[in-house]
Amino acid sequence: MTGTNRSPLWLTALAVLAVAPALVPGAATAQTYPTRPVSLIVPAPPGGGTDIFARQLAELVSTAVGQRFVVENRGGAGGTLGTTQVVAAQPDGYTLGFIWNSPLTTSPHSLTLAYTPDSYRAVMSIGFSSYVLCARADFPAATGAELVAHLKANPSRYTYGNDGVGGTMRLAAERIFRRIDTRVRSVPFAGAGETARAFLGGHIDFYGGSLPPILPHVQAGTAKCLMLTSADANPALPQAAGLQSLGLGEEETVLWWGLIAPARTNPQILSRLEAVFTEAARSDAFRQIMERQGATPRVLGAEATQRLIRSELAALGTVAQAIGLQRQAQ
């Protein structure tokens with residue numbers, strides 16, 4: 001009787017062991033992922049560089065895996081609202097974020113946020129676009145080295161426009177100014193377009209911002225860009241020195257873009273995403289799109305992107321503390 005009573009228990013136990021992998025979150029789906037459309041949240045309005053890159057990648061990856069990656073624009077609060085939605089999503093691989101670095105490495109120093117680097121996982125990144133510091137045509141410096149020497153000899157004499165009190169361009173510039181031991185007075189604006197108008201109107205001495213708004217004026221000879229915030233030079237601005245040539249390469253801060261997923265997403269799904277997005281980003285079609293937007297392709301994998309986030313967050317935190325930047329409630 002005893003043996004007869006135990007047989008059903010052993011059979012039940014074996015049945016439980018047989019289905020145990022299906023009881024682990026993501027264990028079964030990782031092998032077949034994705035089986036339905038994936039939401040790709042872009043925390044910015046349609047039409048900008050981040051949106052353009054996201055849509056092209058989504059198209060390439062959708063074709064590669066046979067499932068749609070659907071871009072959803074969720075702008076607001078400098079990208080932090082959409083980022084918050086990404087990190088709060090189910091970690092099943094069906095909600096991802098295609099994002100630029102500011103909500104991850106800059107905004108945490110000026111806003112009280114609901115996420116930290118432990119709230120998400122970097123999947124990969126695609127490349128960057130440098131910020132640039134430009135002067136008017138008659139400014140008494142013709143090279144990046146001469147600009148550095150002139151700023152050091154004239155602390156607090158000049159003003160530069162930037163993308164706001166806690167913006168990435170402002171922290172990038174202050175990082176450089178602190179390293180060369182000088183001061184240039186910050187004048188915040190709502191964005192690069194507004195900064196360019198103030199610069200061209202003679203209200204500030206230097207334009208600090210992205211390349212597209214100022215490039216036509218460089219080509220017209222009314223502005224000259226002398227320093228980039230990237231380590232390397234940019235062929236579109238041969239007169240502008242990359243930081244490496246000035247002995248400041250480790251102070252690089254650029255605008256870059258990448259893919260993130262909620263923390264606790266299945267590692268196999270993350271690996272799958274890293275592989276397919278990396279392949280798409282390295283395609284000739286996508287590289288040409290980046291270059292047309294004035295961006296530099298530089299594809300990094302998950303580990304390298306995660307290291308970049310943490311090192312940049314720490315470096316900009318040091319700058320934010322030095323200039324007395326205070327966190328505001330969102």
# chains A, B, ... in the order shown; residues from 1 in each chain; ligands from 1
call {"tool": "residues_around", "arguments": {"residues": "Gly258 in chain A", "least_positions_apart": "3", "cutoff": "6 Å", "atoms": "only C-alpha atoms", "output": "ChimeraX atom specification"}}
result
/A:98-99,124-126
call {"tool": "write_last_selection", "arguments": {"atoms": "C-alpha atoms", "output": "PDB file, in the first residue's frame"}}
result
ATOM      1  CA  PHE A  98      16.207  54.582 -27.518  1.00  0.00           C
ATOM      2  CA  ILE A  99      17.719  57.554 -25.760  1.00  0.00           C
ATOM      3  CA  MET A 124      24.396  49.172 -26.975  1.00  0.00           C
ATOM      4  CA  SER A 125      25.162  52.633 -28.344  1.00  0.00           C
ATOM      5  CA  ILE A 126      25.516  53.874 -31.909  1.00  0.00           C
TER       6      ILE A 126
END
call {"tool": "select_by_dssp", "arguments": {"residues": "range 159-214 of chain A", "states": "helix (DSSP H, G or I)", "output": "number ranges by chain"}}
result
A: 168-179, 192-200
call {"tool": "write_last_selection", "arguments": {"atoms": "C-alpha atoms", "output": "mmCIF file, in the first residue's frame"}}
result
data_model
loop_
_atom_site.group_PDB
_atom_site.id
_atom_site.type_symbol
_atom_site.label_atom_id
_atom_site.label_comp_id
_atom_site.auth_asym_id
_atom_site.auth_seq_id
_atom_site.Cartn_x
_atom_site.Cartn_y
_atom_site.Cartn_z
ATOM 1 C CA THR A 168 24.970 68.629 -21.132
ATOM 2 C CA MET A 169 26.699 71.355 -23.145
ATOM 3 C CA ARG A 170 27.025 73.526 -20.063
ATOM 4 C CA LEU A 171 28.568 70.722 -17.995
ATOM 5 C CA ALA A 172 30.792 69.703 -20.931
ATOM 6 C CA ALA A 173 32.135 73.243 -21.243
ATOM 7 C CA GLU A 174 32.617 73.702 -17.497
ATOM 8 C CA ARG A 175 34.485 70.410 -17.384
ATOM 9 C CA ILE A 176 36.982 71.820 -19.899
ATOM 10 C CA PHE A 177 37.208 75.271 -18.301
ATOM 11 C CA ARG A 178 37.932 73.746 -14.896
ATOM 12 C CA ARG A 179 40.664 71.574 -16.351
ATOM 13 C CA ALA A 192 20.998 75.485 -29.557
ATOM 14 C CA GLY A 193 18.803 77.498 -31.932
ATOM 15 C CA GLU A 194 18.176 80.190 -29.346
ATOM 16 C CA THR A 195 21.848 80.174 -28.380
ATOM 17 C CA ALA A 196 22.838 80.705 -32.021
ATOM 18 C CA ARG A 197 20.488 83.678 -32.392
ATOM 19 C CA ALA A 198 21.887 85.331 -29.260
ATOM 20 C CA PHE A 199 25.436 84.709 -30.458
ATOM 21 C CA LEU A 200 24.789 86.101 -33.935
#
call {"tool": "residues_around", "arguments": {"residues": "Leu211 in chain A", "least_positions_apart": "6", "cutoff": "9 Å", "atoms": "only C-alpha atoms", "output": "CSV table (one decimal) with C-alpha atoms, in the first residue's frame"}}
result
chain,number,residue,atom,x,y,z
A,129,SER,CA,27.9,64.2,-32.1
A,130,SER,CA,30.3,66.7,-30.6
A,131,TYR,CA,29.3,70.0,-29.1
A,132,VAL,CA,31.4,73.0,-30.3
A,192,ALA,CA,21.0,75.5,-29.6
A,237,LEU,CA,34.9,71.7,-38.9
A,294,GLY,CA,26.6,65.4,-38.7
call {"tool": "closest_residue", "arguments": {"among": "A:Gly208, A:Gly76, A:Pro117, A:Gly249", "to": "Ala233 in chain A", "atoms": "only C-alpha atoms"}}
result
A:Gly249
call {"tool": "residues_around", "arguments": {"residues": "range 148-161 of chain A", "least_positions_apart": "3", "cutoff": "6 Å", "atoms": "only C-alpha atoms", "output": "PyMOL selection string"}}
result
chain A and resi 145+182-188+195+204-208
call {"tool": "write_last_selection", "arguments": {"atoms": "C-alpha atoms", "output": "compact mmCIF listing (two decimals), in the first residue's frame"}}
result
# COMPACT_ATOMS: atom_id res chain seq x y z
CA ALA A 145 45.42 76.16 -28.66
CA THR A 182 39.86 79.47 -16.19
CA ARG A 183 36.33 80.82 -16.04
CA VAL A 184 33.92 81.76 -18.83
CA ARG A 185 30.55 83.08 -17.72
CA SER A 186 27.60 80.85 -18.54
CA VAL A 187 24.44 82.25 -20.18
CA PRO A 188 21.71 79.57 -20.43
CA THR A 195 21.85 80.17 -28.38
CA ILE A 204 27.18 86.57 -25.97
CA ASP A 205 30.81 86.03 -26.95
CA PHE A 206 30.73 82.30 -27.72
CA TYR A 207 28.22 79.88 -29.15
CA GLY A 208 28.15 76.60 -27.24
call {"tool": "closest_residue", "arguments": {"among": "A:Gln326, A:Thr80, A:Ser39, A:Thr253", "to": "Asp92 in chain A", "atoms": "only C-alpha atoms"}}
result
A:Ser39
call {"tool": "atom_distance", "arguments": {"atom1": "CA of Ala122 in chain A", "atom2": "CA of Val276 in chain A"}}
result
14.3 Å
call {"tool": "select_by_dssp", "arguments": {"residues": "range 72-148 of chain A", "states": "strand (DSSP E or B)", "output": "ChimeraX atom specification"}}
result
/A:72-73,95-100,111-112,120-129,131-136
call {"tool": "write_last_selection", "arguments": {"atoms": "N, CA and C atoms", "output": "PDB file, in the first residue's frame"}}
result
ATOM      1  N   GLU A  72       7.615  54.934 -30.236  1.00  0.00           N
ATOM      2  CA  GLU A  72       6.610  55.717 -29.522  1.00  0.00           C
ATOM      3  C   GLU A  72       7.303  56.927 -28.906  1.00  0.00           C
ATOM      4  N   ASN A  73       6.947  58.124 -29.349  1.00  0.00           N
ATOM      5  CA  ASN A  73       7.561  59.346 -28.825  1.00  0.00           C
ATOM      6  C   ASN A  73       6.907  59.744 -27.508  1.00  0.00           C
ATOM      7  N   THR A  95       9.406  46.401 -23.992  1.00  0.00           N
ATOM      8  CA  THR A  95       9.467  47.858 -23.884  1.00  0.00           C
ATOM      9  C   THR A  95      10.926  48.247 -23.717  1.00  0.00           C
ATOM     10  N   LEU A  96      11.448  48.983 -24.689  1.00  0.00           N
ATOM     11  CA  LEU A  96      12.836  49.414 -24.691  1.00  0.00           C
ATOM     12  C   LEU A  96      12.875  50.926 -24.837  1.00  0.00           C
ATOM     13  N   GLY A  97      14.031  51.509 -24.609  1.00  0.00           N
ATOM     14  CA  GLY A  97      14.193  52.947 -24.780  1.00  0.00           C
ATOM     15  C   GLY A  97      15.360  53.253 -25.689  1.00  0.00           C
ATOM     16  N   PHE A  98      15.106  54.063 -26.716  1.00  0.00           N
ATOM     17  CA  PHE A  98      16.207  54.582 -27.518  1.00  0.00           C
ATOM     18  C   PHE A  98      16.391  56.032 -27.102  1.00  0.00           C
ATOM     19  N   ILE A  99      17.565  56.353 -26.578  1.00  0.00           N
ATOM     20  CA  ILE A  99      17.719  57.554 -25.760  1.00  0.00           C
ATOM     21  C   ILE A  99      19.063  58.196 -26.023  1.00  0.00           C
ATOM     22  N   TRP A 100      19.137  59.482 -25.790  1.00  0.00           N
ATOM     23  CA  TRP A 100      20.437  60.149 -25.796  1.00  0.00           C
ATOM     24  C   TRP A 100      20.939  60.230 -24.358  1.00  0.00           C
ATOM     25  N   LEU A 111      17.871  67.217 -11.492  1.00  0.00           N
ATOM     26  CA  LEU A 111      16.491  66.838 -11.208  1.00  0.00           C
ATOM     27  C   LEU A 111      16.456  65.650 -10.254  1.00  0.00           C
ATOM     28  N   THR A 112      15.433  65.601  -9.418  1.00  0.00           N
ATOM     29  CA  THR A 112      15.200  64.432  -8.572  1.00  0.00           C
ATOM     30  C   THR A 112      14.417  63.422  -9.397  1.00  0.00           C
ATOM     31  N   TYR A 120      18.141  50.261 -15.025  1.00  0.00           N
ATOM     32  CA  TYR A 120      18.090  49.875 -16.432  1.00  0.00           C
ATOM     33  C   TYR A 120      19.386  49.163 -16.801  1.00  0.00           C
ATOM     34  N   ARG A 121      19.385  48.571 -17.980  1.00  0.00           N
ATOM     35  CA  ARG A 121      20.578  47.947 -18.531  1.00  0.00           C
ATOM     36  C   ARG A 121      20.873  48.551 -19.900  1.00  0.00           C
ATOM     37  N   ALA A 122      22.093  48.973 -20.090  1.00  0.00           N
ATOM     38  CA  ALA A 122      22.499  49.426 -21.410  1.00  0.00           C
ATOM     39  C   ALA A 122      22.581  48.226 -22.342  1.00  0.00           C
ATOM     40  N   VAL A 123      22.072  48.375 -23.559  1.00  0.00           N
ATOM     41  CA  VAL A 123      22.116  47.302 -24.550  1.00  0.00           C
ATOM     42  C   VAL A 123      23.231  47.547 -25.562  1.00  0.00           C
ATOM     43  N   MET A 124      23.330  48.779 -26.042  1.00  0.00           N
ATOM     44  CA  MET A 124      24.396  49.172 -26.975  1.00  0.00           C
ATOM     45  C   MET A 124      24.279  50.660 -27.227  1.00  0.00           C
ATOM     46  N   SER A 125      25.250  51.232 -27.929  1.00  0.00           N
ATOM     47  CA  SER A 125      25.162  52.633 -28.344  1.00  0.00           C
ATOM     48  C   SER A 125      25.709  52.756 -29.753  1.00  0.00           C
ATOM     49  N   ILE A 126      25.279  53.813 -30.465  1.00  0.00           N
ATOM     50  CA  ILE A 126      25.516  53.874 -31.909  1.00  0.00           C
ATOM     51  C   ILE A 126      26.570  54.879 -32.343  1.00  0.00           C
ATOM     52  N   GLY A 127      26.837  55.905 -31.531  1.00  0.00           N
ATOM     53  CA  GLY A 127      27.773  56.928 -31.944  1.00  0.00           C
ATOM     54  C   GLY A 127      27.466  58.254 -31.283  1.00  0.00           C
ATOM     55  N   PHE A 128      28.081  59.313 -31.761  1.00  0.00           N
ATOM     56  CA  PHE A 128      27.996  60.579 -31.037  1.00  0.00           C
ATOM     57  C   PHE A 128      28.061  61.769 -31.981  1.00  0.00           C
ATOM     58  N   SER A 129      27.733  62.909 -31.429  1.00  0.00           N
ATOM     59  CA  SER A 129      27.919  64.194 -32.103  1.00  0.00           C
ATOM     60  C   SER A 129      28.534  65.146 -31.098  1.00  0.00           C
ATOM     61  N   TYR A 131      29.694  68.592 -29.259  1.00  0.00           N
ATOM     62  CA  TYR A 131      29.344  70.005 -29.087  1.00  0.00           C
ATOM     63  C   TYR A 131      30.550  70.835 -29.530  1.00  0.00           C
ATOM     64  N   VAL A 132      30.301  72.116 -29.765  1.00  0.00           N
ATOM     65  CA  VAL A 132      31.356  72.953 -30.312  1.00  0.00           C
ATOM     66  C   VAL A 132      31.301  74.336 -29.665  1.00  0.00           C
ATOM     67  N   LEU A 133      32.463  74.950 -29.532  1.00  0.00           N
ATOM     68  CA  LEU A 133      32.573  76.314 -29.013  1.00  0.00           C
ATOM     69  C   LEU A 133      33.045  77.204 -30.153  1.00  0.00           C
ATOM     70  N   CYS A 134      32.217  78.204 -30.489  1.00  0.00           N
ATOM     71  CA  CYS A 134      32.491  79.057 -31.651  1.00  0.00           C
ATOM     72  C   CYS A 134      32.553  80.527 -31.253  1.00  0.00           C
ATOM     73  N   ALA A 135      33.404  81.259 -31.946  1.00  0.00           N
ATOM     74  CA  ALA A 135      33.553  82.697 -31.728  1.00  0.00           C
ATOM     75  C   ALA A 135      33.202  83.440 -33.018  1.00  0.00           C
ATOM     76  N   ARG A 136      33.072  84.761 -32.923  1.00  0.00           N
ATOM     77  CA  ARG A 136      32.866  85.548 -34.132  1.00  0.00           C
ATOM     78  C   ARG A 136      34.169  85.619 -34.935  1.00  0.00           C
TER      79      ARG A 136
END
call {"tool": "residues_around", "arguments": {"residues": "Ala281 in chain A", "least_positions_apart": "3", "cutoff": "12 Å", "atoms": "only C-alpha atoms", "output": "number ranges by chain"}}
result
A: 53-61, 124-127, 257-259, 273-278, 284-290, 296-301
call {"tool": "residues_around", "arguments": {"residues": "Thr222 in chain A", "least_positions_apart": "2", "cutoff": "12 Å", "atoms": "only C-alpha atoms", "output": "number ranges by chain"}}
result
A: 134-139, 196, 199-202, 214-220, 224-225
call {"tool": "write_last_selection", "arguments": {"atoms": "C-alpha atoms", "output": "PDB file, in the first residue's frame"}}
result
ATOM      1  CA  CYS A 134      32.491  79.057 -31.651  1.00  0.00           C
ATOM      2  CA  ALA A 135      33.553  82.697 -31.728  1.00  0.00           C
ATOM      3  CA  ARG A 136      32.866  85.548 -34.132  1.00  0.00           C
ATOM      4  CA  ALA A 137      35.150  85.936 -37.117  1.00  0.00           C
ATOM      5  CA  ASP A 138      37.191  88.753 -35.541  1.00  0.00           C
ATOM      6  CA  PHE A 139      37.948  86.957 -32.268  1.00  0.00           C
ATOM      7  CA  ALA A 196      22.838  80.705 -32.021  1.00  0.00           C
ATOM      8  CA  PHE A 199      25.436  84.709 -30.458  1.00  0.00           C
ATOM      9  CA  LEU A 200      24.789  86.101 -33.935  1.00  0.00           C
ATOM     10  CA  GLY A 201      23.069  89.108 -32.378  1.00  0.00           C
ATOM     11  CA  GLY A 202      26.169  89.913 -30.350  1.00  0.00           C
ATOM     12  CA  ILE A 214      25.975  77.137 -36.406  1.00  0.00           C
ATOM     13  CA  LEU A 215      27.426  75.369 -39.463  1.00  0.00           C
ATOM     14  CA  PRO A 216      25.770  77.659 -42.071  1.00  0.00           C
ATOM     15  CA  HIS A 217      27.294  80.690 -40.338  1.00  0.00           C
ATOM     16  CA  VAL A 218      30.721  79.053 -40.290  1.00  0.00           C
ATOM     17  CA  GLN A 219      30.385  78.418 -44.019  1.00  0.00           C
ATOM     18  CA  ALA A 220      29.317  82.057 -44.512  1.00  0.00           C
ATOM     19  CA  LYS A 224      34.617  80.322 -36.516  1.00  0.00           C
ATOM     20  CA  CYS A 225      34.501  77.204 -34.360  1.00  0.00           C
TER      21      CYS A 225
END
call {"tool": "decode", "arguments": {"residues": "range 179-304 of chain A", "atoms": "C-alpha atoms", "output": "short mmCIF file (atom, residue, chain, number, x, y, z; two decimals), in the first residue's frame"}}
result
data_model
loop_
_atom_site.label_atom_id
_atom_site.label_comp_id
_atom_site.auth_asym_id
_atom_site.auth_seq_id
_atom_site.Cartn_x
_atom_site.Cartn_y
_atom_site.Cartn_z
CA ARG A 179 40.66 71.57 -16.35
CA ILE A 180 42.45 74.55 -17.98
CA ASP A 181 41.89 76.58 -14.82
CA THR A 182 39.86 79.47 -16.19
CA ARG A 183 36.33 80.82 -16.04
CA VAL A 184 33.92 81.76 -18.83
CA ARG A 185 30.55 83.08 -17.72
CA SER A 186 27.60 80.85 -18.54
CA VAL A 187 24.44 82.25 -20.18
CA PRO A 188 21.71 79.57 -20.43
CA PHE A 189 19.19 79.36 -23.27
CA ALA A 190 16.33 77.03 -24.18
CA GLY A 191 18.35 75.25 -26.86
CA ALA A 192 21.00 75.48 -29.56
CA GLY A 193 18.80 77.50 -31.93
CA GLU A 194 18.18 80.19 -29.35
CA THR A 195 21.85 80.17 -28.38
CA ALA A 196 22.84 80.70 -32.02
CA ARG A 197 20.49 83.68 -32.39
CA ALA A 198 21.89 85.33 -29.26
CA PHE A 199 25.44 84.71 -30.46
CA LEU A 200 24.79 86.10 -33.93
CA GLY A 201 23.07 89.11 -32.38
CA GLY A 202 26.17 89.91 -30.35
CA HIS A 203 24.61 89.21 -26.95
CA ILE A 204 27.18 86.57 -25.97
CA ASP A 205 30.81 86.03 -26.95
CA PHE A 206 30.73 82.30 -27.72
CA TYR A 207 28.22 79.88 -29.15
CA GLY A 208 28.15 76.60 -27.24
CA GLY A 209 25.98 73.89 -28.73
CA SER A 210 25.51 71.30 -31.43
CA LEU A 211 26.89 71.66 -34.92
CA PRO A 212 23.81 72.03 -37.22
CA PRO A 213 22.58 75.49 -36.07
CA ILE A 214 25.97 77.14 -36.41
CA LEU A 215 27.43 75.37 -39.46
CA PRO A 216 25.77 77.66 -42.07
CA HIS A 217 27.29 80.69 -40.34
CA VAL A 218 30.72 79.05 -40.29
CA GLN A 219 30.39 78.42 -44.02
CA ALA A 220 29.32 82.06 -44.51
CA GLY A 221 32.39 83.29 -42.64
CA THR A 222 30.50 85.02 -39.79
CA ALA A 223 31.58 82.50 -37.15
CA LYS A 224 34.62 80.32 -36.52
CA CYS A 225 34.50 77.20 -34.36
CA LEU A 226 37.74 76.60 -32.51
CA MET A 227 37.10 73.79 -30.02
CA LEU A 228 35.08 70.58 -29.92
CA THR A 229 34.01 68.75 -26.78
CA SER A 230 34.99 65.43 -28.38
CA ALA A 231 38.45 63.94 -28.12
CA ASP A 232 38.78 63.67 -31.90
CA ALA A 233 38.48 66.28 -34.63
CA ASN A 234 35.48 66.54 -36.98
CA PRO A 235 36.07 66.78 -40.76
CA ALA A 236 33.08 69.12 -41.03
CA LEU A 237 34.95 71.67 -38.88
CA PRO A 238 38.66 71.40 -39.74
CA GLN A 239 39.48 74.56 -37.79
CA ALA A 240 38.02 73.22 -34.55
CA ALA A 241 40.44 71.32 -32.34
CA GLY A 242 39.51 68.02 -30.80
CA LEU A 243 40.38 67.80 -27.11
CA GLN A 244 43.01 65.12 -27.69
CA SER A 245 45.14 67.57 -29.68
CA LEU A 246 44.99 69.98 -26.74
CA GLY A 247 46.01 67.40 -24.17
CA LEU A 248 42.46 67.28 -22.81
CA GLY A 249 41.16 64.06 -24.37
CA GLU A 250 40.00 62.56 -21.08
CA GLU A 251 37.59 65.47 -20.62
CA GLU A 252 35.44 64.43 -23.60
CA THR A 253 31.69 64.94 -23.21
CA VAL A 254 29.53 64.46 -26.30
CA LEU A 255 25.94 63.91 -27.29
CA TRP A 256 25.55 60.16 -27.84
CA TRP A 257 22.68 57.74 -28.41
CA GLY A 258 21.95 54.22 -27.27
CA LEU A 259 19.45 51.53 -26.36
CA ILE A 260 18.39 50.65 -22.81
CA ALA A 261 16.08 48.05 -21.28
CA PRO A 262 14.52 47.75 -17.82
CA ALA A 263 16.67 46.12 -15.17
CA ARG A 264 16.06 42.38 -14.66
CA THR A 265 15.41 41.82 -18.36
CA ASN A 266 16.44 38.28 -19.27
CA PRO A 267 20.18 38.26 -20.15
CA GLN A 268 19.52 36.10 -23.23
CA ILE A 269 17.03 38.66 -24.52
CA LEU A 270 19.53 41.44 -23.86
CA SER A 271 22.19 39.54 -25.80
CA ARG A 272 19.77 39.04 -28.70
CA LEU A 273 18.95 42.75 -28.74
CA GLU A 274 22.61 43.74 -28.55
CA ALA A 275 23.42 41.53 -31.54
CA VAL A 276 20.60 42.66 -33.85
CA PHE A 277 20.87 46.37 -33.03
CA THR A 278 24.66 46.28 -33.38
CA GLU A 279 24.35 44.68 -36.80
CA ALA A 280 21.81 47.32 -37.86
CA ALA A 281 23.96 50.19 -36.55
CA ARG A 282 26.99 48.92 -38.46
CA SER A 283 25.14 48.71 -41.77
CA ASP A 284 26.17 51.09 -44.55
CA ALA A 285 22.63 52.48 -44.77
CA PHE A 286 22.56 53.47 -41.13
CA ARG A 287 26.09 54.90 -41.12
CA GLN A 288 25.14 57.16 -44.02
CA ILE A 289 22.09 58.42 -42.12
CA MET A 290 24.24 59.26 -39.10
CA GLU A 291 26.79 61.09 -41.20
CA ARG A 292 24.08 63.13 -42.95
CA GLN A 293 22.99 64.29 -39.48
CA GLY A 294 26.55 65.37 -38.66
CA ALA A 295 27.05 62.46 -36.23
CA THR A 296 30.03 60.14 -35.91
CA PRO A 297 29.33 56.37 -35.91
CA ARG A 298 30.93 54.59 -32.92
CA VAL A 299 29.15 51.36 -32.07
CA LEU A 300 29.72 50.11 -28.51
CA GLY A 301 28.36 46.96 -26.93
CA ALA A 302 26.47 46.60 -23.68
CA GLU A 303 29.42 46.50 -21.29
CA ALA A 304 31.26 49.41 -22.90
#
